[in-house]
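Below is the file coords.txt, which contains compact mmCIF, C-alpha atoms.
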# COMPACT_ATOMS: atom_id res chain seq x y z
CA MET L 1 41.38 -158.57 -191.41
CA LEU L 2 40.61 -155.12 -190.02
CA GLY L 3 37.08 -156.29 -189.29
CA LYS L 4 38.38 -159.21 -187.24
CA PHE L 5 40.55 -156.81 -185.26
CA PHE L 6 37.55 -154.71 -184.29
CA GLN L 7 35.58 -157.83 -183.42
CA LYS L 8 38.35 -158.91 -181.05
CA PHE L 9 39.05 -155.42 -179.73
CA TYR L 10 37.57 -154.86 -176.27
CA TYR L 11 35.89 -151.46 -176.03
CA GLY L 12 37.15 -151.10 -172.47
CA TRP L 13 40.60 -150.19 -173.81
CA PHE L 14 39.09 -147.22 -175.64
CA ILE L 15 37.46 -146.28 -172.33
CA VAL L 16 40.95 -146.40 -170.80
CA PHE L 17 42.13 -143.95 -173.48
CA ILE L 18 39.25 -141.56 -172.73
CA GLY L 19 39.94 -141.89 -169.02
CA GLY L 20 43.59 -141.03 -169.61
CA LEU L 21 42.54 -138.06 -171.73
CA GLY L 22 40.28 -136.90 -168.91
CA ILE L 23 43.09 -137.08 -166.39
CA PHE L 24 45.37 -135.24 -168.81
CA PHE L 25 42.82 -132.42 -169.04
CA SER L 26 42.51 -132.30 -165.26
CA GLY L 27 45.94 -130.65 -165.51
CA PRO L 28 44.82 -126.98 -165.49
CA GLY L 29 43.40 -127.64 -162.02
CA GLN L 30 46.47 -129.48 -160.72
CA THR L 31 49.19 -127.84 -158.65
CA TYR L 32 51.95 -128.62 -161.19
CA SER L 33 50.10 -126.36 -163.64
CA ILE L 34 48.84 -123.67 -161.24
CA SER L 35 52.30 -123.28 -159.68
CA LEU L 36 53.44 -121.57 -162.91
CA PHE L 37 50.89 -118.80 -162.29
CA ILE L 38 51.72 -118.09 -158.63
CA ASP L 39 54.68 -115.78 -159.15
CA GLN L 40 52.70 -114.01 -161.90
CA TYR L 41 49.95 -113.18 -159.41
CA ILE L 42 52.45 -112.06 -156.77
CA ASN L 43 54.33 -109.82 -159.20
CA ASP L 44 51.31 -108.38 -161.03
CA PHE L 45 49.09 -107.69 -158.02
CA GLY L 46 51.62 -107.27 -155.18
CA TRP L 47 50.12 -110.02 -153.02
CA SER L 48 52.33 -111.88 -150.52
CA ARG L 49 53.17 -115.57 -150.88
CA THR L 50 51.29 -116.30 -147.65
CA GLU L 51 48.15 -114.57 -148.98
CA VAL L 52 48.15 -116.51 -152.24
CA SER L 53 48.97 -119.78 -150.43
CA GLY L 54 46.16 -119.14 -147.95
CA LEU L 55 43.64 -118.52 -150.73
CA TYR L 56 44.77 -121.64 -152.55
CA SER L 57 44.54 -123.78 -149.41
CA SER L 58 41.13 -122.37 -148.43
CA ALA L 59 39.71 -122.83 -151.92
CA THR L 60 41.05 -126.38 -152.09
CA LEU L 61 39.61 -127.15 -148.65
CA VAL L 62 36.11 -126.05 -149.68
CA ALA L 63 36.46 -127.96 -152.97
CA GLY L 64 37.44 -131.06 -151.04
CA LEU L 65 34.37 -130.89 -148.81
CA THR L 66 32.22 -130.75 -151.96
CA MET L 67 33.73 -133.88 -153.52
CA MET L 68 31.51 -136.28 -151.51
CA PHE L 69 28.49 -134.95 -153.38
CA VAL L 70 30.27 -135.37 -156.71
CA GLY L 71 30.76 -139.09 -156.00
CA ARG L 72 27.04 -139.50 -155.37
CA PHE L 73 26.23 -137.63 -158.58
CA ILE L 74 28.42 -140.09 -160.50
CA ASP L 75 26.52 -143.05 -159.06
CA ARG L 76 23.21 -141.35 -159.88
CA PHE L 77 23.78 -139.79 -163.33
CA GLY L 78 26.64 -141.92 -164.69
CA GLN L 79 30.14 -141.10 -165.89
CA ARG L 80 29.20 -140.03 -169.42
CA PHE L 81 26.81 -137.28 -168.34
CA MET L 82 29.15 -136.11 -165.60
CA MET L 83 32.24 -136.12 -167.81
CA VAL L 84 30.62 -134.00 -170.52
CA THR L 85 28.99 -131.59 -168.07
CA VAL L 86 32.12 -131.14 -165.97
CA GLY L 87 34.26 -130.69 -169.08
CA ILE L 88 32.11 -127.77 -170.21
CA VAL L 89 31.95 -126.12 -166.77
CA PHE L 90 35.69 -126.63 -166.27
CA ALA L 91 36.35 -124.81 -169.54
CA LEU L 92 34.23 -121.90 -168.30
CA ALA L 93 36.24 -121.92 -165.07
CA CYS L 94 39.46 -121.55 -167.08
CA PHE L 95 37.98 -118.53 -168.88
CA PHE L 96 37.00 -117.06 -165.50
CA ASN L 97 40.56 -117.47 -164.21
CA SER L 98 41.86 -115.54 -167.20
CA ALA L 99 39.86 -112.52 -166.01
CA VAL L 100 41.04 -112.48 -162.35
CA THR L 101 41.77 -108.95 -161.06
CA ASN L 102 41.38 -109.21 -157.26
CA MET L 103 41.77 -111.68 -154.42
CA PHE L 104 38.07 -112.51 -154.24
CA MET L 105 38.05 -113.52 -157.90
CA LEU L 106 41.27 -115.47 -157.38
CA ALA L 107 39.67 -117.41 -154.52
CA ILE L 108 36.62 -118.26 -156.67
CA GLY L 109 38.88 -119.21 -159.56
CA PHE L 110 41.03 -121.46 -157.38
CA PHE L 111 37.91 -123.14 -155.97
CA MET L 112 36.45 -123.90 -159.39
CA VAL L 113 39.59 -125.35 -160.95
CA ARG L 114 40.42 -127.40 -157.84
CA LEU L 115 36.89 -128.81 -157.61
CA LEU L 116 36.44 -129.44 -161.32
CA GLY L 117 40.04 -130.18 -162.33
CA GLN L 118 41.98 -131.78 -159.51
CA GLY L 119 38.90 -133.36 -157.95
CA THR L 120 36.13 -134.21 -160.40
CA MET L 121 38.15 -134.67 -163.61
CA SER L 122 40.32 -137.17 -161.71
CA LEU L 123 37.49 -138.95 -159.91
CA ILE L 124 35.26 -139.64 -162.93
CA PRO L 125 37.89 -141.53 -165.02
CA ASN L 126 38.88 -143.57 -161.96
CA THR L 127 35.30 -144.72 -161.40
CA LEU L 128 34.75 -145.27 -165.14
CA VAL L 129 37.73 -147.56 -165.75
CA ALA L 130 36.93 -149.47 -162.55
CA GLN L 131 33.59 -150.45 -164.12
CA TRP L 132 35.22 -151.97 -167.20
CA PHE L 133 37.97 -154.06 -165.60
CA VAL L 134 38.32 -156.46 -162.66
CA LYS L 135 41.14 -158.97 -163.20
CA LYS L 136 43.04 -156.59 -165.49
CA ARG L 137 42.21 -153.54 -163.42
CA GLY L 138 45.80 -152.87 -162.37
CA ARG L 139 47.17 -152.69 -165.90
CA ALA L 140 44.13 -150.72 -167.10
CA PHE L 141 44.78 -148.09 -164.44
CA SER L 142 48.45 -148.13 -165.38
CA PHE L 143 47.68 -147.21 -168.98
CA MET L 144 45.09 -144.63 -167.92
CA THR L 145 47.54 -143.04 -165.48
CA MET L 146 49.89 -142.31 -168.37
CA GLY L 147 47.58 -139.35 -169.03
CA SER L 148 48.43 -137.94 -165.62
CA PHE L 149 52.18 -138.15 -166.10
CA ILE L 150 52.06 -136.85 -169.67
CA SER L 151 50.03 -133.94 -168.32
CA ALA L 152 52.58 -133.33 -165.55
CA MET L 153 55.40 -133.45 -168.11
CA LEU L 154 53.84 -131.14 -170.67
CA LEU L 155 51.71 -128.59 -168.82
CA PRO L 156 54.52 -126.83 -166.89
CA ILE L 157 56.45 -126.46 -170.17
CA ILE L 158 53.39 -125.38 -172.16
CA ASN L 159 52.28 -122.92 -169.47
CA SER L 160 55.75 -121.44 -169.20
CA TRP L 161 55.89 -120.96 -172.99
CA LEU L 162 52.36 -119.51 -173.18
CA ILE L 163 53.03 -117.08 -170.32
CA GLN L 164 56.38 -115.93 -171.70
CA THR L 165 55.12 -115.65 -175.29
CA TRP L 166 51.79 -113.99 -174.50
CA ASP L 167 50.65 -113.72 -170.85
CA TRP L 168 49.08 -115.74 -168.04
CA GLN L 169 45.57 -114.71 -169.11
CA PHE L 170 46.12 -116.23 -172.55
CA ALA L 171 47.38 -119.45 -170.95
CA TRP L 172 44.10 -119.92 -169.06
CA ARG L 173 42.05 -119.24 -172.20
CA PHE L 174 44.13 -121.75 -174.15
CA TRP L 175 43.10 -124.56 -171.79
CA GLY L 176 39.46 -123.48 -171.83
CA VAL L 177 39.31 -123.73 -175.61
CA SER L 178 41.20 -127.05 -175.59
CA LEU L 179 38.67 -128.60 -173.21
CA LEU L 180 35.73 -127.56 -175.39
CA VAL L 181 37.28 -128.52 -178.73
CA ILE L 182 39.09 -131.75 -177.85
CA PHE L 183 37.89 -133.35 -174.63
CA VAL L 184 34.14 -132.69 -174.49
CA PRO L 185 33.29 -134.11 -177.97
CA ILE L 186 35.32 -137.28 -177.36
CA ALA L 187 33.64 -137.82 -173.98
CA LEU L 188 30.19 -137.17 -175.45
CA PHE L 189 30.47 -139.67 -178.29
CA GLY L 190 32.89 -142.20 -176.79
CA VAL L 191 31.99 -142.88 -173.16
CA ARG L 192 29.79 -145.80 -172.15
CA ASN L 193 29.25 -146.16 -168.40
CA ARG L 194 29.48 -149.94 -168.03
CA PRO L 195 30.40 -152.86 -170.30
CA GLU L 196 27.00 -154.43 -169.67
CA VAL L 197 25.22 -151.66 -171.66
CA MET L 198 27.13 -152.88 -174.73
CA GLY L 199 26.48 -156.56 -174.05
CA LEU L 200 30.02 -157.01 -172.74
CA GLU L 201 31.54 -158.12 -169.45
CA PRO L 202 34.40 -156.61 -167.42
CA ASP L 203 37.81 -157.40 -168.95
CA GLY L 204 36.04 -158.55 -172.13
CA THR L 205 35.82 -162.04 -170.67
CA ASN L 206 32.74 -162.93 -172.70
CA GLU L 207 34.96 -163.00 -175.81
CA ASP L 208 36.63 -166.13 -174.44
CA LYS L 209 33.38 -167.97 -173.71
CA ASP L 210 31.76 -170.59 -175.86
CA GLU L 211 28.71 -169.00 -177.49
CA ASN L 212 26.69 -172.19 -176.81
CA GLN L 213 27.79 -172.43 -173.18
CA GLU L 214 24.93 -172.17 -170.69
CA PRO L 215 25.38 -169.76 -167.79
CA VAL L 216 26.07 -171.40 -164.45
CA ILE L 217 23.22 -170.76 -162.02
CA GLY L 218 24.16 -169.65 -158.55
CA THR L 219 27.57 -168.22 -159.38
CA THR L 220 28.80 -165.46 -157.11
CA LEU L 221 30.96 -162.44 -157.53
CA PRO L 222 34.69 -163.05 -157.19
CA GLU L 223 36.13 -162.09 -153.85
CA SER L 224 37.57 -158.86 -155.22
CA GLU L 225 34.12 -157.82 -156.39
CA GLU L 226 32.11 -157.89 -153.18
CA ASP L 227 30.03 -154.72 -153.49
CA TRP L 228 30.07 -152.60 -150.36
CA THR L 229 27.83 -149.62 -149.73
CA LEU L 230 29.45 -146.51 -148.28
CA LYS L 231 27.85 -147.18 -144.89
CA GLU L 232 29.17 -150.74 -144.85
CA ALA L 233 32.65 -149.62 -145.89
CA MET L 234 32.69 -147.02 -143.12
CA ARG L 235 32.31 -149.81 -140.55
CA THR L 236 35.73 -151.23 -141.47
CA TRP L 237 39.18 -150.08 -140.37
CA ALA L 238 40.40 -150.60 -143.94
CA PHE L 239 38.21 -147.70 -145.14
CA TRP L 240 39.57 -145.25 -142.56
CA GLY L 241 43.15 -146.44 -142.86
CA ILE L 242 43.06 -145.97 -146.62
CA LEU L 243 41.51 -142.51 -146.22
CA VAL L 244 44.48 -141.41 -144.13
CA SER L 245 46.89 -143.10 -146.53
CA VAL L 246 45.60 -141.34 -149.66
CA SER L 247 45.47 -137.88 -148.06
CA ILE L 248 49.09 -137.66 -146.87
CA PRO L 249 50.92 -137.92 -150.25
CA SER L 250 48.51 -135.33 -151.62
CA MET L 251 49.36 -132.93 -148.80
CA ILE L 252 53.14 -133.38 -149.09
CA ASN L 253 53.25 -133.32 -152.90
CA THR L 254 51.03 -130.24 -153.15
CA GLY L 255 53.05 -128.32 -150.57
CA ILE L 256 56.32 -129.06 -152.35
CA THR L 257 54.98 -128.58 -155.88
CA PHE L 258 53.19 -125.31 -155.09
CA HIS L 259 56.42 -123.75 -153.74
CA ILE L 260 58.92 -125.70 -155.85
CA ILE L 261 60.36 -122.60 -157.55
CA SER L 262 60.78 -120.83 -154.20
CA ILE L 263 62.21 -123.96 -152.50
CA PHE L 264 64.83 -124.36 -155.19
CA ASP L 265 65.58 -120.65 -155.18
CA SER L 266 66.31 -120.80 -151.44
CA ASN L 267 68.72 -123.65 -152.20
CA GLY L 268 70.47 -121.60 -154.90
CA LEU L 269 68.79 -123.31 -157.87
CA SER L 270 67.05 -121.57 -160.78
CA PRO L 271 63.36 -121.75 -161.81
CA GLY L 272 64.52 -123.67 -164.89
CA VAL L 273 65.92 -126.43 -162.68
CA ALA L 274 62.63 -126.51 -160.74
CA ALA L 275 60.66 -126.90 -163.98
CA MET L 276 63.07 -129.63 -165.11
CA VAL L 277 62.51 -131.52 -161.84
CA LEU L 278 58.72 -131.40 -162.29
CA SER L 279 59.08 -132.86 -165.77
CA LEU L 280 61.64 -135.44 -164.61
CA MET L 281 59.30 -136.54 -161.84
CA ALA L 282 56.64 -137.23 -164.45
CA ILE L 283 59.08 -138.95 -166.84
CA VAL L 284 60.24 -141.37 -164.13
CA GLY L 285 56.75 -141.79 -162.70
CA LEU L 286 55.23 -142.92 -166.00
CA PRO L 287 57.08 -146.26 -166.40
CA MET L 288 56.90 -146.77 -162.63
CA SER L 289 53.11 -146.52 -162.77
CA LEU L 290 53.04 -149.12 -165.57
CA VAL L 291 55.05 -151.55 -163.47
CA SER L 292 52.95 -150.82 -160.39
CA GLY L 293 49.75 -151.66 -162.23
CA PHE L 294 50.91 -155.19 -162.92
CA ILE L 295 52.27 -155.55 -159.39
CA THR L 296 48.95 -154.60 -157.82
CA GLU L 297 47.30 -157.51 -159.63
CA LYS L 298 49.56 -159.82 -157.61
CA ILE L 299 49.68 -158.26 -154.12
CA GLN L 300 47.27 -156.39 -151.86
CA THR L 301 47.17 -152.76 -152.84
CA ASN L 302 47.63 -151.42 -149.31
CA TYR L 303 51.17 -152.85 -149.28
CA LEU L 304 51.89 -150.93 -152.48
CA LEU L 305 50.67 -147.78 -150.72
CA ALA L 306 52.91 -148.55 -147.74
CA SER L 307 55.99 -148.49 -149.98
CA VAL L 308 55.05 -144.95 -151.06
CA PHE L 309 55.60 -143.61 -147.55
CA VAL L 310 59.04 -145.17 -147.21
CA ILE L 311 60.15 -143.53 -150.48
CA GLU L 312 58.43 -140.30 -149.46
CA MET L 313 60.58 -140.04 -146.33
CA ILE L 314 63.68 -140.52 -148.46
CA PHE L 315 62.93 -137.79 -151.01
CA MET L 316 61.86 -135.32 -148.30
CA LEU L 317 65.19 -135.77 -146.52
CA LEU L 318 66.96 -135.47 -149.87
CA LEU L 319 65.19 -132.18 -150.60
CA LEU L 320 66.78 -130.67 -147.50
CA ILE L 321 70.25 -131.04 -149.02
CA THR L 322 69.44 -130.52 -152.72
CA ASN L 323 71.69 -127.60 -153.72
CA ASN L 324 73.10 -128.60 -157.13
CA LEU L 325 71.89 -130.00 -160.44
CA LEU L 326 72.93 -133.60 -159.74
CA MET L 327 71.09 -133.66 -156.41
CA ALA L 328 68.07 -132.08 -158.07
CA ILE L 329 68.02 -134.85 -160.69
CA LEU L 330 68.27 -137.52 -157.98
CA PHE L 331 65.48 -135.86 -156.00
CA GLY L 332 63.23 -135.66 -159.08
CA ALA L 333 63.83 -139.33 -159.93
CA ILE L 334 63.00 -140.60 -156.43
CA TRP L 335 59.99 -138.30 -156.28
CA GLY L 336 58.83 -139.76 -159.60
CA ILE L 337 59.13 -143.33 -158.29
CA ALA L 338 56.94 -142.46 -155.30
CA ASN L 339 54.38 -140.74 -157.51
CA GLY L 340 54.25 -143.63 -159.98
CA ILE L 341 53.42 -146.11 -157.23
CA GLU L 342 51.04 -143.74 -155.50
CA ARG L 343 48.90 -142.95 -158.55
CA ILE L 344 48.14 -146.64 -159.13
CA GLY L 345 47.72 -147.73 -155.52
CA MET L 346 45.47 -144.82 -154.64
CA ASN L 347 43.13 -145.49 -157.59
CA VAL L 348 43.00 -149.29 -157.56
CA VAL L 349 42.56 -149.81 -153.82
CA TRP L 350 38.94 -148.59 -153.65
CA PRO L 351 37.36 -150.91 -156.27
CA ASP L 352 39.65 -153.78 -155.22
CA PHE L 353 38.54 -153.52 -151.60
CA PHE L 354 34.91 -152.43 -151.98
CA GLY L 355 33.69 -153.43 -155.47
CA ARG L 356 32.22 -151.58 -158.47
CA LYS L 357 28.57 -150.89 -157.64
CA TYR L 358 29.00 -147.97 -155.24
CA ILE L 359 32.47 -146.91 -156.36
CA GLY L 360 31.37 -143.32 -157.03
CA SER L 361 30.21 -142.70 -153.47
CA ILE L 362 33.15 -144.52 -151.86
CA ASN L 363 35.85 -143.11 -154.11
CA GLY L 364 34.16 -139.72 -153.77
CA VAL L 365 34.96 -139.75 -150.06
CA GLY L 366 38.50 -140.85 -150.92
CA MET L 367 38.88 -137.99 -153.39
CA THR L 368 37.53 -135.63 -150.73
CA MET L 369 40.43 -136.64 -148.49
CA VAL L 370 42.88 -136.25 -151.38
CA VAL L 371 41.69 -132.72 -152.06
CA LEU L 372 41.53 -131.86 -148.35
CA GLY L 373 45.06 -133.17 -147.97
CA SER L 374 46.24 -131.02 -150.84
CA SER L 375 44.54 -128.00 -149.23
CA LEU L 376 46.69 -128.40 -146.12
CA GLY L 377 50.01 -128.45 -147.99
CA PRO L 378 50.70 -124.99 -149.44
CA LEU L 379 49.86 -122.76 -146.45
CA PRO L 380 52.30 -124.26 -143.90
CA PHE L 381 55.09 -124.15 -146.47
CA GLY L 382 54.31 -120.54 -147.40
CA ALA L 383 53.87 -119.35 -143.81
CA GLY L 384 56.97 -121.26 -142.71
CA PHE L 385 59.07 -119.57 -145.36
CA ASP L 386 57.75 -116.11 -144.46
CA LEU L 387 58.51 -116.83 -140.79
CA PHE L 388 61.87 -118.66 -140.98
CA HIS L 389 63.05 -117.51 -144.45
CA ASN L 390 63.73 -121.14 -145.40
CA TYR L 391 61.79 -124.40 -145.72
CA THR L 392 63.84 -126.65 -143.43
CA PRO L 393 61.56 -126.47 -140.32
CA VAL L 394 58.44 -127.26 -142.35
CA LEU L 395 60.07 -130.20 -144.15
CA LEU L 396 61.34 -131.68 -140.89
CA ALA L 397 57.95 -131.33 -139.21
CA SER L 398 56.23 -132.86 -142.24
CA LEU L 399 58.24 -136.08 -141.93
CA THR L 400 55.85 -137.26 -139.20
CA PHE L 401 53.02 -137.66 -141.71
CA PRO L 402 54.59 -140.35 -143.95
CA PHE L 403 55.31 -142.35 -140.80
CA ILE L 404 51.63 -142.18 -139.82
CA GLY L 405 50.64 -143.13 -143.38
CA LEU L 406 52.96 -146.14 -143.33
CA ILE L 407 51.27 -147.55 -140.22
CA CYS L 408 47.78 -146.94 -141.61
CA ALA L 409 48.56 -148.54 -144.98
CA ILE L 410 50.10 -151.68 -143.49
CA THR L 411 47.18 -152.26 -141.10
CA ALA L 412 44.38 -151.44 -143.61
CA ARG L 413 43.88 -154.96 -144.94
CA LYS L 414 41.17 -156.00 -147.36
CA PRO L 415 37.83 -156.45 -145.52
CA HIS L 416 35.37 -159.32 -145.90
CA LYS L 417 31.63 -159.08 -145.50
CA ASP L 418 31.28 -162.29 -143.54
CA LYS L 419 33.43 -160.77 -140.80
CA LEU L 420 31.38 -157.56 -140.92
CA LYS L 421 28.15 -159.53 -140.34
CA ALA L 422 29.72 -161.31 -137.40
CA MET L 423 30.48 -157.99 -135.66
Would you mind writing the file's structure down as structure tokens?
Amino acid sequence: MLGKFFQKFYYGWFIVFIGGLGIFFSGPGQTYSISLFIDQYINDFGWSRTEVSGLYSSATLVAGLTMMFVGRFIDRFGQRFMMVTVGIVFALACFFNSAVTNMFMLAIGFFMVRLLGQGTMSLIPNTLVAQWFVKKRGRAFSFMTMGSFISAMLLPIINSWLIQTWDWQFAWRFWGVSLLVIFVPIALFGVRNRPEVMGLEPDGTNEDKDENQEPVIGTTLPESEEDWTLKEAMRTWAFWGILVSVSIPSMINTGITFHIISIFDSNGLSPGVAAMVLSLMAIVGLPMSLVSGFITEKIQTNYLLASVFVIEMIFMLLLLITNNLLMAILFGAIWGIANGIERIGMNVVWPDFFGRKYIGSINGVGMTMVVLGSSLGPLPFGAGFDLFHNYTPVLLASLTFPFIGLICAITARKPHKDKLKAM
């Protein structure tokens, strides 16, 4: 009976698990984790919030510009090699961050964890799962994205406990060891780049075929699997509209998350409430991402992205008046809904619109914009607070970006190659 189970079991679902594990371990390079270290740096070394924010933004900017090359490396060397290599180097980057003593080292440390954690450790699982699923891609990404929300729920709590029990240096070393002991071995022995190398097909569809059935000559890829090169994709408005759409939530979320403790403090709320909101956002976002994955199998993904910007405007306005626990809970819940939809839409849209073959290069450009967007978030919030002594002007000015994203998402419709050839 157990043997029959393994015969029926599609290996792609184990790939989804590994992808989710990879996104979980991208956490040490994500803002929701790093934000727990910011006040430690400011207090221990006497640096200003603007200085630390500026370093973080600059390091993230440079990391973002590097992500295009990472996408090409994935297409060239494959996800398995890249996942193992990046896992090892990312662990070394965590050890380096535990030894930071000056601003130059902090800048290097920020750059490494943003490039390897936020960027590469998120990009590789997204391109890997996209290879194994087509029709069930939405739900596969939903299950994989659980790793992101579990990471966002647990890492702020774990980091806070590690820092309070030992110190921030120990917290960085903890994640370095965890990467080497848990993630790297699983990636090394478990990852297979494509279903075809195991004699399988995307979604496991060959399990439903008659073994004696002859292949149909002249069949073509389904519409959703037209394979576009990066150069071809760049000739469409959909490519550029999506690029703008995926960068804006990253910018807004990073700016708010990076300064969440300070924002809540200026509204009379404690750091504990801020940490609770980060966890609540992840708790609400997790089931929302599961629902979104099934929805995106039914509607065009750009419309799902458009809904993110409407919700984003709502929670940004709500943040302006969040000054008690109840309002903080409401803000965290709405923020979680937006994040749950965003995580799925942002990941699924690239393979849905442009196919699997060159997904590393295309999604690499997309991840570049995500990281660049996140680099632009912290500095305006930090400088605005130092200048105005509150965050209201920055939040109000930032409302223009979700409006731009809404227009881009709605108009970025799925392209077709026959129309491209006619141009």
So which residues touch Val100 (chain L) within 9 Å, counting all atoms listed in the file, skipping near sequence neighbours fewer than 6 positions away, as a PyMOL selection string? chain L and resi 106+109+169
Written file, previous selection with C-alpha atoms, as a short mmCIF file (atom, residue, chain, number, x, y, z; two decimals), in the frame of the given file:
data_model
loop_
_atom_site.label_atom_id
_atom_site.label_comp_id
_atom_site.auth_asym_id
_atom_site.auth_seq_id
_atom_site.Cartn_x
_atom_site.Cartn_y
_atom_site.Cartn_z
CA LEU L 106 41.27 -115.47 -157.38
CA GLY L 109 38.88 -119.21 -159.56
CA GLN L 169 45.57 -114.71 -169.11
#
Contacts of Phe170 (chain L) at 10 Å (all atoms listed in the file; same-chain gap of 4+ positions) as an MDAnalysis selection string: chainID L and resid 95 98:99 159 162:163 165:166 174:176
Just checking: using only C-alpha atoms, which residue out of L:Tyr56, L:Tyr303, L:Phe264, L:Phe73 ends up closest to Phe110 (chain L)? L:Tyr56
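For the pair CA of Thr254 (chain L) and CA of Ile88 (chain L), the interatomic distance is 25.6 Å.
Residue nearest Val70 (chain L), chosen from L:Gly366, L:Pro195, L:Pro287, L:Pro351 and counting all atoms listed in the file: L:Gly366.
Counting from CA of His416 (chain L), the distance to CA of Gly71 (chain L) is 23.1 Å.
When only C-alpha atoms are used to measure the gap to Ala397 (chain L), the shortest distance among L:Met316, L:Gly332, L:Val277, L:Phe9 belongs to L:Met316.
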Tell me, as a VMD selection string, which residues lie within 6 Å of Ser250 (chain L), counting only C-alpha atoms; anything in the same chain fewer than 6 positions away does not count. chain L and resid 370 373 to 374
Can you build me a table of region 105-171 of chain L residues sitting at most 9 Å from region 29-34 of chain L, with the closest atom pair per residue and its distance in Å to one decimal, using all atoms listed in the file, sorted by chain and residue number, as a Markdown table?
| residue | atom | partner | partner_atom | distance |
| --- | --- | --- | --- | --- |
| L:Phe110 | CA | L:Gly29 | CA | 8.1 |
| L:Met112 | CA | L:Gly29 | CA | 8.3 |
| L:Val113 | CA | L:Gly29 | CA | 4.6 |
| L:Arg114 | CA | L:Gly29 | CA | 5.1 |
| L:Leu115 | CA | L:Gly29 | CA | 7.9 |
| L:Leu116 | CA | L:Gly29 | CA | 7.2 |
| L:Gly117 | CA | L:Gly29 | CA | 4.2 |
| L:Gln118 | CA | L:Gly29 | CA | 5.0 |
| L:Gly119 | CA | L:Gly29 | CA | 8.3 |
| L:Met121 | CA | L:Gly29 | CA | 8.9 |
| L:Ser151 | CA | L:Ser33 | CA | 8.9 |
| L:Ala152 | CA | L:Tyr32 | CA | 6.4 |
| L:Leu155 | CA | L:Ser33 | CA | 5.9 |
| L:Pro156 | CA | L:Ser33 | CA | 5.5 |
| L:Asn159 | CA | L:Ser33 | CA | 7.1 |
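Excluding Gly22 (chain L) and any residue on its chain fewer than 4 positions from it, the residues at most 9 Å away by only C-alpha atoms are Phe17, Ile18, Ser26, Met83, Gly87, Met121, Ser122, Ile124, Pro125, Gly147, Ser148, Phe183 and Ala187 of chain L.
Among the candidate residues L:Ala412, L:Ala107, L:Ile261, L:Ile186, the one lying nearest to Trp240 (chain L) is L:Ala412, with distances computed using only C-alpha atoms.
You will find CA of Ser270 (chain L) at 19.8 Å from CA of Asn253 (chain L).
Each of L:Leu304, L:Val371, L:Val84, L:Ser279 was compared to Ile182 (chain L) using only C-alpha atoms, and L:Val84 turns out to be the nearest.
Taking all atoms listed in the file into account, Leu243 (chain L) lies nearest to L:Leu372 out of the set L:Ile23, L:Leu92, L:Leu372, L:Met103.
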Who sits within 8 Å of Gly293 (chain L), all atoms listed in the file, same chain under 4 positions skipped, as a PyMOL selection string: chain L and resi 137-142+289+297+344
